[in-house]
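Read through the structure below, which is laid out as structure tokens, and then see the notes.
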Amino acid sequence: MSCTGVILAGGGATRFGGRPKGLEMVAGARIIERVARALRMVTDELLLVANAPEAADWLPGVRTVADVRPGEGALGGLHAALACAEEASDVLVVAWDMPFVSAALLGVMRARGEEGDVDAVLPESDGSRRGVEPLCAWYAARCLPPITAALEAGDRRVIAFLDAVRVARVGIEEVRRFGDPDRLFGNVNTADDLARLQGMVPDVG
């Protein structure tokens, strides 16, 4: 069963001065490179979803695509991920500003998804107002139609389609086996966020 590792590099970064967040350095490497390294360990190929004209230069050798439906936010990025992945490929999606995402946790999510009785696998997180991390998750290829339906209905919430699919959660206690959720899912929205993440001890391995 094929699984594409997708790096979502969307958003206008308005709280970050419009600068490309994933190109910032954390623990000795650009954030986008850290995300790519984690995904490479547990997926069959990589795909970068980004609308910036220069995005093709960010990760040489990685296929880069723009949103199929521009202006639809993070859900539009997820739509592009599934629409542009290799035919019938499931996806492991990670936002490009999460420097400490765990390859081991991503592997657990892929394995759970490939058991075949669910359509999406999302890790629980104390730090998310949704209780889960939809931009660090596994989605089956069959999620594309309900995502498209949500967008057609004008619902751009990244969780808009989840009620229409079978969802499994990686419980918070299991997530903690891989590290502090605040660190695992820490992302860059502001300069203060970046400074906090840069001050964290690098992960091992």
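By order of appearance in the structure tokens: chains A, B, ..., then residues from 1 within every chain, and ligands from 1 in the order shown.
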Considering only C-alpha atoms, give me a table of residues in range 64-104 of chain A that are at most 9 Å from range 36-53 of chain A, with the closest atom pair and distance in Å for each, as a tab-separated table.
```
residue	atom	partner	partner_atom	distance
A:Thr64	CA	A:Leu48	CA	4.6
A:Val65	CA	A:Val49	CA	5.1
A:Ala66	CA	A:Asn51	CA	4.7
A:Asp67	CA	A:Asn51	CA	6.5
A:Pro70	CA	A:Asn51	CA	8.4
A:Gly77	CA	A:Val49	CA	6.6
A:Leu78	CA	A:Val49	CA	8.6
A:Ala80	CA	A:Val49	CA	7.1
A:Ala81	CA	A:Val49	CA	6.6
A:Cys84	CA	A:Leu47	CA	8.4
A:Ala85	CA	A:Leu47	CA	7.2
A:Val91	CA	A:Thr43	CA	8.4
A:Leu92	CA	A:Thr43	CA	7.6
A:Val93	CA	A:Leu39	CA	8.7
A:Val94	CA	A:Leu39	CA	8.3
A:Trp96	CA	A:Ala36	CA	8.6
A:Phe100	CA	A:Ala38	CA	8.9
A:Val101	CA	A:Ala38	CA	7.0
A:Ser102	CA	A:Ala38	CA	6.5
A:Ala103	CA	A:Ala38	CA	4.5
A:Ala104	CA	A:Val42	CA	8.0
```
Residue contacts of range 140-154 of chain A (6 Å, only C-alpha atoms) excluding same-chain residues fewer than 5 positions away, as a ChimeraX atom specification: /A:88-90,119,161
Minimum-distance residue to Arg30 in chain A, chosen among A:Glu133, A:Asp97, A:Asp193, A:Glu173 (using only C-alpha atoms):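 Of all the options, A:Asp97 lies closest to Arg30 in chain A.
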Considering only C-alpha atoms, give me a table of residues in range 98-152 of chain A that are at most 12 Å from range 1-10 of chain A, with the closest atom pair and distance in Å for each, as CSV.
```
residue,atom,partner,partner_atom,distance
A:Met98,CA,A:Ile7,CA,10.0
A:Pro99,CA,A:Ile7,CA,11.7
A:Val101,CA,A:Ile7,CA,11.7
A:Ala103,CA,A:Gly5,CA,11.0
A:Leu106,CA,A:Gly5,CA,9.7
A:Gly107,CA,A:Cys3,CA,10.8
A:Met109,CA,A:Cys3,CA,11.4
A:Arg110,CA,A:Cys3,CA,8.0
A:Ala111,CA,A:Cys3,CA,10.5
A:Gly113,CA,A:Cys3,CA,10.3
A:Glu114,CA,A:Met1,CA,7.6
A:Glu115,CA,A:Met1,CA,10.5
A:Gly116,CA,A:Met1,CA,10.4
A:Pro134,CA,A:Leu8,CA,11.5
A:Leu135,CA,A:Leu8,CA,8.0
A:Cys136,CA,A:Ile7,CA,9.6
A:Ala137,CA,A:Val6,CA,10.0
A:Trp138,CA,A:Cys3,CA,9.0
A:Tyr139,CA,A:Cys3,CA,9.3
A:Ala140,CA,A:Cys3,CA,8.8
A:Ala141,CA,A:Cys3,CA,9.2
```
Every residue of range 6-162 of chain A that DSSP places in helix (DSSP H, G or I), as a ChimeraX atom specification: /A:14-16,21-23,31-40,55-57,73-84,103-113,141-152,162
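Here CA of Val170 in chain A is placed at a distance of 16.3 Å from CA of Arg129 in chain A.
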Gap from CA of Arg176 in chain A to CA of Glu124 in chain A - Å, one decimal: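 CA of Glu124 in chain A lies at a distance of 9.7 Å from CA of Arg176 in chain A.
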DSSP-assigned strand (DSSP E or B) members of range 13-121 of chain A, reported as a list in words: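 Going through range 13-121 of chain A, the strand (DSSP E or B) residues come out as Met25, Val26, Ala29, Arg30, Glu45, Leu46, Leu47, Leu48, Val49, Ala50, Arg63, Thr64, Val65, Asp90, Val91, Leu92, Val93, Val94, Ala95, Ala120 and Val121 of chain A.
Around range 71-76 of chain A, within 7 Å and counting only C-alpha atoms, the residues found are Gly10, Gly11, Arg156, Arg157 and Val158 of chain A, once anything fewer than 5 positions away on its own chain is removed.
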Take the residues from that selection and write them out as a PDB file, in the first residue's frame, keeping N, CA and C atoms.
```pdb
ATOM      1  N   GLY A  10       1.508  26.050   3.314  1.00  0.00           N
ATOM      2  CA  GLY A  10       0.502  27.033   2.922  1.00  0.00           C
ATOM      3  C   GLY A  10       0.413  28.165   3.916  1.00  0.00           C
ATOM      4  N   GLY A  11      -0.554  29.012   3.695  1.00  0.00           N
ATOM      5  CA  GLY A  11      -0.808  30.121   4.607  1.00  0.00           C
ATOM      6  C   GLY A  11       0.022  31.346   4.270  1.00  0.00           C
ATOM      7  N   ARG A 156     -14.515  25.670   4.908  1.00  0.00           N
ATOM      8  CA  ARG A 156     -13.067  25.583   4.729  1.00  0.00           C
ATOM      9  C   ARG A 156     -12.338  25.137   5.988  1.00  0.00           C
ATOM     10  N   ARG A 157     -13.074  24.782   7.030  1.00  0.00           N
ATOM     11  CA  ARG A 157     -12.411  24.289   8.243  1.00  0.00           C
ATOM     12  C   ARG A 157     -11.623  23.028   7.910  1.00  0.00           C
ATOM     13  N   VAL A 158     -10.429  22.906   8.448  1.00  0.00           N
ATOM     14  CA  VAL A 158      -9.599  21.753   8.104  1.00  0.00           C
ATOM     15  C   VAL A 158     -10.215  20.452   8.621  1.00  0.00           C
TER      16      VAL A 158
END
```
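When only C-alpha atoms are used to measure the gap to Val108 in chain A, the shortest distance among A:Ile32, A:Val175, A:Leu59, A:Val165 belongs to A:Val175.
The space between CA of Gly179 in chain A and CA of Arg166 in chain A spans 26.4 Å.
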